[in-house]
>>> print(open('coords25.tsv').read())   # TSV, C-alpha atoms and all ligand atoms
chain	number	residue	atom	x	y	z
A	275	MET	CA	-63.53	-75.39	-53.80
A	276	SER	CA	-62.49	-75.92	-50.24
A	277	GLU	CA	-62.44	-74.44	-46.80
A	278	GLY	CA	-60.54	-71.19	-47.07
A	279	THR	CA	-62.70	-70.12	-49.99
A	280	ILE	CA	-63.77	-66.49	-49.61
A	281	ALA	CA	-67.14	-65.37	-50.94
A	282	LEU	CA	-68.90	-62.02	-51.12
A	283	VAL	CA	-72.69	-61.93	-51.34
A	284	THR	CA	-74.23	-58.54	-52.13
A	285	GLY	CA	-77.53	-57.72	-50.43
A	286	ALA	CA	-76.87	-60.47	-47.90
A	287	ASN	CA	-78.60	-58.92	-44.91
A	288	LYS	CA	-81.94	-60.57	-45.67
A	289	GLY	CA	-83.97	-62.71	-48.04
A	290	ILE	CA	-82.28	-64.91	-50.62
A	291	GLY	CA	-78.88	-63.26	-50.18
A	292	TYR	CA	-78.84	-64.05	-46.47
A	293	GLU	CA	-79.62	-67.69	-47.19
A	294	ILE	CA	-76.93	-67.89	-49.89
A	295	ALA	CA	-74.46	-66.55	-47.31
A	296	ALA	CA	-75.68	-69.14	-44.78
A	297	GLY	CA	-75.41	-71.96	-47.32
A	298	LEU	CA	-71.89	-71.03	-48.42
A	299	GLY	CA	-70.88	-70.54	-44.79
A	300	ALA	CA	-72.13	-74.04	-43.97
A	301	LEU	CA	-69.50	-75.34	-46.42
A	302	GLY	CA	-66.81	-73.83	-44.22
A	303	TRP	CA	-66.26	-70.82	-46.47
A	304	ARG	CA	-65.54	-67.31	-45.16
A	305	VAL	CA	-68.47	-65.17	-46.22
A	306	GLY	CA	-68.53	-61.42	-46.67
A	307	VAL	CA	-72.00	-60.09	-45.90
A	308	GLY	CA	-72.39	-57.22	-48.34
A	309	ALA	CA	-75.02	-54.79	-47.09
A	310	ARG	CA	-75.55	-51.05	-47.32
A	311	ASP	CA	-77.13	-50.48	-43.89
A	312	GLY	CA	-74.83	-50.84	-40.89
A	313	GLN	CA	-77.41	-52.11	-38.42
A	314	ARG	CA	-78.97	-54.62	-40.81
A	315	ARG	CA	-75.48	-55.79	-41.84
A	316	GLU	CA	-74.25	-56.32	-38.29
A	317	ALA	CA	-77.47	-58.09	-37.28
A	318	ALA	CA	-77.06	-60.51	-40.20
A	319	VAL	CA	-73.37	-61.09	-39.41
A	320	ALA	CA	-74.23	-61.79	-35.76
A	321	LYS	CA	-76.98	-64.24	-36.74
A	322	LEU	CA	-74.71	-66.06	-39.18
A	323	ARG	CA	-71.87	-66.23	-36.67
A	324	ALA	CA	-74.26	-67.61	-34.05
A	325	ALA	CA	-75.06	-70.34	-36.58
A	326	GLY	CA	-71.35	-71.15	-36.88
A	327	VAL	CA	-70.62	-69.26	-40.11
A	328	ASP	CA	-67.28	-67.47	-40.49
A	329	ALA	CA	-69.08	-64.29	-41.57
A	330	PHE	CA	-67.75	-60.74	-41.75
A	331	GLY	CA	-69.46	-57.50	-42.67
A	332	VAL	CA	-68.73	-55.68	-45.92
A	333	PRO	CA	-70.28	-52.20	-46.10
A	334	LEU	CA	-71.56	-52.12	-49.67
A	335	ASP	CA	-74.00	-49.98	-51.61
A	336	VAL	CA	-73.81	-51.26	-55.18
A	337	THR	CA	-74.88	-47.86	-56.54
A	338	ASP	CA	-71.95	-46.05	-54.93
A	339	ASP	CA	-68.45	-46.04	-56.48
A	340	ALA	CA	-66.68	-45.12	-53.23
A	341	SER	CA	-68.51	-47.84	-51.30
A	342	VAL	CA	-67.55	-50.48	-53.86
A	343	THR	CA	-63.93	-49.31	-53.92
A	344	ALA	CA	-63.80	-49.53	-50.12
A	345	ALA	CA	-65.27	-53.04	-50.25
A	346	VAL	CA	-62.48	-54.17	-52.61
A	347	ARG	CA	-59.91	-52.76	-50.19
A	348	LEU	CA	-61.54	-54.48	-47.22
A	349	LEU	CA	-61.53	-57.84	-49.01
A	350	ALA	CA	-57.93	-57.48	-50.15
A	351	GLU	CA	-56.53	-56.22	-46.86
A	352	GLN	CA	-58.65	-57.95	-44.24
A	353	ALA	CA	-60.05	-61.10	-45.89
A	354	GLY	CA	-57.07	-61.88	-48.11
A	355	GLY	CA	-58.83	-61.91	-51.46
A	356	LEU	CA	-62.00	-63.10	-53.16
A	357	ASP	CA	-62.91	-66.40	-54.84
A	358	VAL	CA	-66.66	-66.16	-55.35
A	359	LEU	CA	-68.83	-63.12	-56.04
A	360	VAL	CA	-72.59	-63.46	-55.78
A	361	ASN	CA	-74.32	-60.41	-57.26
A	362	ASN	CA	-77.59	-60.81	-55.40
A	363	ALA	CA	-78.65	-57.27	-54.43
A	364	GLY	CA	-81.77	-56.34	-56.35
A	365	VAL	CA	-84.81	-54.06	-56.27
A	366	THR	CA	-88.09	-53.83	-58.15
A	367	GLY	CA	-87.49	-50.09	-58.53
A	368	GLY	CA	-90.97	-49.37	-57.16
A	369	MET	CA	-94.40	-49.06	-58.71
A	370	PRO	CA	-96.10	-48.34	-61.07
A	371	GLN	CA	-94.17	-50.00	-63.86
A	372	GLN	CA	-96.83	-51.34	-66.23
A	373	PRO	CA	-96.37	-50.29	-69.87
A	374	GLY	CA	-98.67	-47.32	-70.42
A	375	GLY	CA	-98.50	-46.21	-66.82
A	376	ALA	CA	-94.84	-46.36	-65.95
A	377	ASP	CA	-92.73	-43.87	-64.09
A	378	VAL	CA	-89.25	-43.54	-65.65
A	379	ALA	CA	-87.74	-42.97	-62.21
A	380	THR	CA	-88.81	-46.52	-61.42
A	381	VAL	CA	-87.05	-47.86	-64.50
A	382	ARG	CA	-83.92	-45.93	-63.62
A	383	ALA	CA	-83.94	-47.24	-60.03
A	384	ALA	CA	-84.25	-50.86	-61.18
A	385	VAL	CA	-81.50	-50.56	-63.78
A	386	GLU	CA	-79.22	-48.67	-61.37
A	387	VAL	CA	-79.15	-51.55	-58.87
A	388	ASN	CA	-79.94	-54.66	-60.96
A	389	VAL	CA	-77.69	-53.88	-63.93
A	390	ILE	CA	-75.29	-51.01	-63.35
A	391	GLY	CA	-74.72	-52.11	-59.76
A	392	VAL	CA	-73.75	-55.59	-60.93
A	393	ILE	CA	-71.38	-54.19	-63.56
A	394	ARG	CA	-69.84	-51.76	-61.05
A	395	VAL	CA	-69.23	-54.49	-58.44
A	396	THR	CA	-68.02	-57.06	-60.99
A	397	GLU	CA	-65.55	-54.65	-62.61
A	398	ALA	CA	-64.18	-53.68	-59.19
A	399	MET	CA	-63.86	-57.28	-57.96
A	400	LEU	CA	-62.37	-58.80	-61.13
A	401	PRO	CA	-58.74	-58.08	-60.20
A	402	LEU	CA	-59.22	-59.99	-56.92
A	403	LEU	CA	-61.12	-62.81	-58.62
A	404	ARG	CA	-58.41	-63.22	-61.25
A	405	ARG	CA	-55.96	-64.14	-58.47
A	406	SER	CA	-58.19	-66.98	-57.23
A	407	ALA	CA	-57.62	-70.63	-58.18
A	408	ALA	CA	-61.31	-71.21	-58.91
A	409	PRO	CA	-63.23	-67.96	-59.30
A	410	ARG	CA	-66.99	-67.96	-59.77
A	411	ILE	CA	-69.45	-65.13	-60.40
A	412	VAL	CA	-73.17	-65.64	-59.87
A	413	ASN	CA	-75.69	-63.06	-61.04
A	414	MET	CA	-79.05	-63.50	-59.34
A	415	SER	CA	-81.42	-62.83	-62.19
A	416	SER	CA	-85.06	-63.84	-62.63
A	417	GLY	CA	-87.11	-65.94	-65.00
A	418	VAL	CA	-89.19	-62.79	-65.58
A	419	GLY	CA	-86.13	-61.47	-67.45
A	420	SER	CA	-86.33	-64.35	-69.92
A	421	LEU	CA	-87.39	-62.93	-73.31
A	422	ALA	CA	-88.67	-66.38	-74.25
A	423	ARG	CA	-90.96	-66.43	-71.23
A	424	GLN	CA	-91.94	-62.75	-71.59
A	425	SER	CA	-93.06	-63.41	-75.16
A	426	ALA	CA	-94.65	-66.82	-74.63
A	427	SER	CA	-98.38	-67.07	-75.14
A	428	VAL	CA	-100.62	-67.37	-72.11
A	429	GLY	CA	-100.66	-70.91	-70.84
A	430	GLU	CA	-97.17	-71.66	-72.12
A	431	GLU	CA	-94.34	-70.49	-69.96
A	432	GLN	CA	-95.43	-66.83	-69.79
A	433	THR	CA	-94.22	-65.24	-66.60
A	434	GLY	CA	-94.36	-62.23	-64.32
A	435	PRO	CA	-96.53	-59.13	-64.12
A	436	LEU	CA	-96.36	-56.53	-66.91
A	437	SER	CA	-93.28	-54.42	-66.28
A	438	VAL	CA	-91.01	-52.00	-68.11
A	439	ALA	CA	-88.61	-51.77	-65.16
A	440	TYR	CA	-87.87	-54.93	-63.17
A	441	ALA	CA	-88.32	-57.59	-65.87
A	442	PRO	CA	-86.35	-55.73	-68.58
A	443	SER	CA	-83.61	-54.95	-66.03
A	444	LYS	CA	-83.17	-58.69	-65.55
A	445	SER	CA	-83.16	-59.22	-69.35
A	446	MET	CA	-80.29	-56.76	-69.53
A	447	LEU	CA	-78.54	-58.47	-66.62
A	448	ASN	CA	-78.78	-61.73	-68.57
A	449	ALA	CA	-77.14	-60.08	-71.59
A	450	VAL	CA	-74.47	-58.62	-69.32
A	451	THR	CA	-73.81	-62.14	-67.99
A	452	ILE	CA	-73.31	-63.44	-71.53
A	453	GLN	CA	-70.97	-60.56	-72.39
A	454	TYR	CA	-68.75	-61.25	-69.36
A	455	ALA	CA	-68.75	-64.97	-70.11
A	456	ARG	CA	-67.55	-64.23	-73.64
A	457	ALA	CA	-64.84	-61.90	-72.37
A	458	LEU	CA	-63.73	-64.40	-69.70
A	459	ALA	CA	-63.78	-67.47	-71.96
A	460	GLY	CA	-60.46	-69.25	-71.70
A	461	THR	CA	-59.92	-68.08	-68.11
A	462	ASN	CA	-60.81	-70.09	-65.02
A	463	ILE	CA	-63.65	-67.69	-64.14
A	464	LEU	CA	-67.13	-69.17	-64.51
A	465	ILE	CA	-70.03	-66.70	-64.61
A	466	ASN	CA	-73.69	-67.64	-64.74
A	467	ALA	CA	-77.14	-66.21	-64.08
A	468	GLY	CA	-79.54	-67.92	-61.70
A	469	CYS	CA	-83.28	-67.68	-61.06
A	470	PRO	CA	-84.43	-68.44	-57.50
A	471	GLY	CA	-88.10	-68.88	-58.42
A	472	PHE	CA	-90.98	-66.92	-56.87
A	473	THR	CA	-89.70	-66.61	-53.31
A	474	ALA	CA	-91.34	-65.08	-50.24
A	475	THR	CA	-89.20	-62.01	-49.47
A	476	ASP	CA	-89.55	-58.25	-48.94
A	477	LEU	CA	-89.13	-57.82	-52.71
A	478	ASN	CA	-92.66	-59.08	-53.37
A	479	GLY	CA	-94.33	-58.40	-50.02
A	480	PHE	CA	-93.72	-62.06	-49.10
A	481	ARG	CA	-96.19	-63.24	-51.75
A	482	GLY	CA	-93.67	-65.71	-53.20
A	483	VAL	CA	-94.36	-69.41	-52.85
A	484	ARG	CA	-90.82	-70.64	-52.19
A	485	THR	CA	-88.85	-70.21	-48.98
A	486	PRO	CA	-85.69	-68.06	-49.03
A	487	GLN	CA	-83.69	-71.28	-48.45
A	488	GLN	CA	-85.24	-72.80	-51.56
A	489	GLY	CA	-84.58	-69.59	-53.49
A	490	ALA	CA	-80.94	-69.64	-52.40
A	491	ALA	CA	-80.28	-73.16	-53.69
A	492	ILE	CA	-79.52	-72.20	-57.30
A	493	GLY	CA	-77.17	-69.42	-56.18
A	494	ILE	CA	-75.29	-71.86	-53.97
A	495	ARG	CA	-75.11	-74.40	-56.79
A	496	LEU	CA	-73.67	-71.86	-59.25
A	497	ALA	CA	-71.23	-70.56	-56.62
A	498	THR	CA	-69.87	-74.07	-56.07
A	499	LEU	CA	-69.53	-75.23	-59.68
A	500	PRO	CA	-66.61	-77.55	-60.41
A	501	ASP	CA	-63.83	-76.33	-62.72
A	502	ASP	CA	-65.50	-78.01	-65.71
A	503	GLY	CA	-68.87	-76.47	-64.90
A	504	PRO	CA	-70.87	-74.29	-67.31
A	505	THR	CA	-70.29	-70.61	-67.97
A	506	GLY	CA	-72.49	-68.06	-69.70
A	507	GLY	CA	-75.67	-69.94	-68.78
A	508	PHE	CA	-78.99	-69.19	-67.10
A	509	PHE	CA	-80.25	-71.77	-64.62
A	510	GLU	CA	-83.01	-72.51	-62.13
A	511	ASP	CA	-83.44	-75.58	-59.93
A	512	ALA	CA	-85.19	-77.46	-62.74
A	513	GLY	CA	-82.37	-76.80	-65.24
A	514	VAL	CA	-81.66	-74.33	-68.03
A	515	VAL	CA	-83.87	-71.22	-68.31
A	516	PRO	CA	-84.45	-70.10	-71.92
A	517	TRP	CA	-82.97	-66.67	-72.61
A	601	LIG	N1	-88.01	-62.99	-54.37
A	601	LIG	C1	-88.23	-63.46	-55.59
A	601	LIG	O1	-89.31	-64.03	-55.88
A	601	LIG	C2	-87.18	-63.32	-56.64
A	601	LIG	C3	-87.44	-63.91	-57.90
A	601	LIG	C4	-86.48	-63.80	-58.89
A	601	LIG	C5	-85.30	-63.12	-58.63
A	601	LIG	N2	-85.07	-62.55	-57.42
A	601	LIG	C6	-83.80	-61.84	-57.23
A	601	LIG	O2	-83.13	-62.36	-56.09
A	601	LIG	C7	-82.31	-61.33	-55.51
A	601	LIG	C8	-82.59	-61.23	-54.02
A	601	LIG	O3	-83.93	-60.78	-53.86
A	601	LIG	P1	-84.80	-61.04	-52.55
A	601	LIG	O4	-86.09	-61.60	-53.02
A	601	LIG	O5	-84.03	-61.73	-51.52
A	601	LIG	O6	-85.11	-59.52	-52.13
A	601	LIG	P2	-84.99	-58.72	-50.73
A	601	LIG	O7	-85.36	-59.59	-49.58
A	601	LIG	O8	-85.71	-57.46	-50.96
A	601	LIG	O9	-83.41	-58.46	-50.61
A	601	LIG	C9	-82.77	-57.60	-51.51
A	601	LIG	C10	-81.40	-57.29	-50.96
A	601	LIG	O10	-80.76	-56.37	-51.86
A	601	LIG	C11	-80.25	-55.31	-51.07
A	601	LIG	N3	-80.07	-54.07	-51.84
A	601	LIG	C12	-81.00	-53.33	-52.48
A	601	LIG	N4	-80.43	-52.24	-53.02
A	601	LIG	C13	-79.12	-52.29	-52.71
A	601	LIG	C14	-78.01	-51.45	-52.96
A	601	LIG	N5	-78.14	-50.30	-53.63
A	601	LIG	N6	-76.78	-51.83	-52.50
A	601	LIG	C15	-76.64	-52.97	-51.79
A	601	LIG	N7	-77.66	-53.79	-51.50
A	601	LIG	C16	-78.88	-53.45	-51.95
A	601	LIG	C17	-81.25	-55.15	-49.94
A	601	LIG	O11	-80.71	-54.38	-48.89
A	601	LIG	P3	-81.64	-53.47	-47.92
A	601	LIG	O12	-82.15	-54.39	-46.84
A	601	LIG	O13	-80.68	-52.44	-47.41
A	601	LIG	O14	-82.74	-52.90	-48.76
A	601	LIG	C18	-81.44	-56.61	-49.59
A	601	LIG	O15	-80.37	-57.07	-48.81
A	601	LIG	C19	-82.63	-60.05	-56.29
A	601	LIG	O16	-81.65	-59.83	-57.28
A	601	LIG	C20	-83.97	-60.36	-56.92
A	601	LIG	O17	-84.20	-59.61	-58.09
A	601	LIG	C21	-85.99	-62.63	-56.42
>>> encode(input="coords25.tsv", output="structure tokens")
Amino acid sequence: MSEGTIALVTGANKGIGYEIAAGLGALGWRVGVGARDGQRREAAVAKLRAAGVDAFGVPLDVTDDASVTAAVRLLAEQAGGLDVLVNNAGVTGGMPQQPGGADVATVRAAVEVNVIGVIRVTEAMLPLLRRSAAPRIVNMSSGVGSLARQSASVGEEQTGPLSVAYAPSKSMLNAVTIQYARALAGTNILINAGCPGFTATDLNGFRGVRTPQQGAAIGIRLATLPDDGPTGGFFEDAGVVPW
């Protein structure tokens, strides 16, 4: 991993994604700021560039086939390829989502971005990643997606509010991560899931207890793994997260 490395971070206009972009940019990497809204994207690019990051905007709505196809073209034709993909864009899907009072539209919205969006972007970017010398894929998941933690008894490692949308969408994202790791075993592509911890962002009305910079640290670590680093794992700052 060296200067000249090209990364794409989805949902990089704010929150944890912005800080992952800033952290990778500080390494001297070129960073594509994936964002669906033009104004928010350009504001983030301008802020990153003012901080010395070689940032460029990538119009990207992870729920839209045409948008993702255009992003691949932009990376291939204007950036010269892709080495590292950080699938960070995520939504809660909205409320309510407690079992017994859930709205299925909420479930669909969470799965559409957090799972199908990741698969759509990963499938589209794989041909570019395969041409890289050291490709990495990072899926920003959540400890609330851990089945072990969801099913732990109170007082153990039980986590997150009751949810049939956001938490299960991250459980599925974890399974998707394992499936890609199995398919990519024997290649130089490392793919892992990361949990940023409970971070103060728009996603939770800024109730999180970690800063976005702290939340970004695991994403940056998994994006910069050495060639002999892990694949098919789930990690937070403190180490391995149980599936
Ligand atoms: N915050 C936490 O405590 C926490 C904990 C565990 C995991 N995570 C995960 O960390 C990741 C980042 O979350 P965050 O806390 O930084 O949330 P955030 O501040 O709400 O940022 C989410 C980002 O995703 C983007 N996004 C949403 N839908 C999109 C779409 N269809 N296409 C492209 N981009 C889209 C948003 O763009 P717009 O500005 O256009 O909406 C925004 O840039 C998510 O995957 C989240 O699930 C967060």
>>> atom_distance(input="coords25.tsv", atom1="CA of Ile393 in chain A", atom2="CA of Val307 in chain A")
18.6 Å
>>> residues_near_point(input="coords25.tsv", point="(-68.2, -61.8, -54.4)", cutoff="7 Å", atoms="only C-alpha atoms", output="NGL selection string")
:A and (281-283 or 356 or 358-361 or 411)
>>> residues_near_ligand(input="coords25.tsv", ligand="ligand LIG 601 (chain A)", cutoff="6 Å", atoms="all atoms listed in the file", output="VMD selection string")
chain A and resid 284 to 291 309 to 311 334 to 337 362 to 365 387 414 to 416 469 to 477 482
>>> closest_residue(input="coords25.tsv", among="A:Lys444, A:Lys321, A:Arg456, A:Arg481", to="Glu386 in chain A", atoms="only C-alpha atoms")
A:Lys444
>>> residues_around(input="coords25.tsv", residues="Ile280 in chain A", least_positions_apart="6", cutoff="12 Å", atoms="all atoms listed in the file", output="PyMOL selection string")
chain A and resi 295+298-299+301-307+328-330+349-350+352-360+402-403+406-410+497-498
>>> closest_residue(input="coords25.tsv", among="A:Thr485, A:Thr366, A:Asn413, A:Ser341", to="Ala441 in chain A", atoms="only C-alpha atoms")
A:Thr366
>>> residues_around(input="coords25.tsv", residues="range 499-506 of chain A", least_positions_apart="3", cutoff="7 Å", atoms="all atoms listed in the file", output="list in words")
Ala408, Thr451, Ile452, Ala455, Leu464, Ile465, Asn466, Arg495 and Leu496 of chain A
>>> write_last_selection(input="coords25.tsv", atoms="C-alpha atoms", output="compact mmCIF listing (two decimals), keeping the file's coordinate frame")
# COMPACT_ATOMS: atom_id res chain seq x y z
CA ALA A 408 -61.31 -71.21 -58.91
CA THR A 451 -73.81 -62.14 -67.99
CA ILE A 452 -73.31 -63.44 -71.53
CA ALA A 455 -68.75 -64.97 -70.11
CA LEU A 464 -67.13 -69.17 -64.51
CA ILE A 465 -70.03 -66.70 -64.61
CA ASN A 466 -73.69 -67.64 -64.74
CA ARG A 495 -75.11 -74.40 -56.79
CA LEU A 496 -73.67 -71.86 -59.25
>>> closest_residue(input="coords25.tsv", among="A:Trp517, A:Glu316, A:Leu348, A:Gly308", to="Gln424 in chain A", atoms="all atoms listed in the file")
A:Trp517
>>> residues_around(input="coords25.tsv", residues="Gly368 in chain A", least_positions_apart="2", cutoff="8 Å", atoms="all atoms listed in the file", output="count of residues only")
7
>>> atom_distance(input="coords25.tsv", atom1="CA of Leu400 in chain A", atom2="CA of Asp338 in chain A")
17.1 Å
